[in-house]
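Take a look at the structure below.
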Amino acid sequence: MIDMPQIPPPAYEQGLTQELLQCGLQNGGFAVKYAEELQGVEVVIHKEAGASPEHFDCIRQAAGSKFVTFENPELQQAYVDQSSEALRPTVLADARAELEKHGVFDGFPERSELNSDKLFAEALERKCGIKPGSFFFQNQLGLIGQPEVSRHSKDYGEQMSCLIAAITYADAKGDDFKFGFIGNEAFGVIGNESAAPDE
């Protein structure tokens, strides 16, 4: 039997592994691999890594745009929450810049001044030049986002870009705005709450 030379791991794996070890994770307690289903590099952190919330900043800095998955669901949720909070100022600034580019930032609707998610949704649609009720509509599940705006409209791309920026800005600002979407038989919730949308 001929011993074949061991193939070294790719450079991204070696470099990231070293950085994660410097973060304080235990050797052998995590894996860095290309995940076909994610179409990108994933860092999978097992319980043996000894990861804790104190490691999150270092892990996030080391991983950059790579996917990070914790075996422990509580740690995963805490990491996602902390990462979202850390990115909030950037997301808020980017969404504001996009709204300013569309010329709709001044007088941006305040969720707290409107009595329902539906009224807030209509205010966002109106702000972006979309007929109220065209994108958002109410059904038995709650407030649903579904692009009914004519795709043949010359302003369609600009309207959708504006609306996405408006939703992103409201979410990053911390507005309590809940809506779902229907597509391919799926229903999901977007916003600051993980509960179902208001009836």
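As shown in the structure tokens, the chain order sets the letters A, B, ...; within each chain, residues go from 1, and ligands are also counted from 1 in the order they appear.
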Discussion item. Taking 4 positions as the minimum chain separation for residues in the same chain, which residues sit within 6 Å of segment 39-49 of chain A when counting only C-alpha atoms? Answer as a list in words.
Written reply: Leu25, Gln26, Gly29, Phe30, Ala31, Val32, Lys33, Tyr34, Ala35, Lys66, Phe67, Val68, Thr69, Phe70 and Glu71 of chain A
Contact table segment 107-163 of chain A vs segment 171-180 of chain A, cut-off 10 Å, shortest pair per residue, only C-alpha atoms, as a tab-separated table:
```
residue	atom	partner	partner_atom	distance
A:Glu110	CA	A:Asp175	CA	8.0
A:Arg111	CA	A:Asp175	CA	6.1
A:Ser112	CA	A:Asp175	CA	7.7
A:Ser116	CA	A:Phe177	CA	8.7
A:Asp117	CA	A:Phe177	CA	5.8
A:Lys118	CA	A:Phe179	CA	8.9
A:Phe120	CA	A:Phe177	CA	7.9
A:Ala121	CA	A:Phe177	CA	8.5
A:Phe136	CA	A:Phe179	CA	8.4
A:Phe137	CA	A:Phe179	CA	9.5
A:Gln138	CA	A:Phe179	CA	9.4
A:Leu141	CA	A:Gly180	CA	8.3
A:Gly142	CA	A:Phe179	CA	7.0
A:Leu143	CA	A:Phe179	CA	4.9
A:Ile144	CA	A:Gly180	CA	4.8
A:Gly145	CA	A:Gly180	CA	6.1
A:Gln146	CA	A:Gly180	CA	9.0
```
Discussion item. What parts of segment 54-139 of chain A does DSSP call helix (DSSP H, G or I)? I'd like the answer as an MDAnalysis selection string.
Written reply: chainID A and resid 54:63 73:101 111:113 117:127
Practice prompt. Write down as a ChimeraX atom specification the residues belonging to segment 84-191 of chain A that are assigned strand (DSSP E) by DSSP computed on the backbone.
Written response: /A:136-139,142-145,178-183,186-191
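Using only C-alpha atoms, the nearest neighbour of Glu13 of chain A within the list A:Glu125, A:Pro89, A:Ala95, A:Ala62 is A:Ala62.
Of the residues listed (A:Val104, A:Leu87, A:Ala166, A:Cys58), A:Cys58 shows the shortest atom-to-atom separation from Cys23 of chain A; distances use only C-alpha atoms.
Between Ile167 of chain A and the candidates A:Leu92, A:Ala86, A:Leu16, A:Leu38, the tightest atom-to-atom separation, counting only C-alpha atoms, involves A:Leu92.
Interatomic distance, atom CA of Gly24 of chain A against atom CA of Asp57 of chain A: 11.7 Å.
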Worksheet item: Do you have the atom CA of Asp155 of chain A-atom CA of Glu113 of chain A distance handy?
Response: 28.6 Å
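You can rank A:Leu119, A:Leu99, A:Val80, A:Leu124 by their closest distance to Ser161 of chain A using only C-alpha atoms, and at the top of that list sits A:Leu99.
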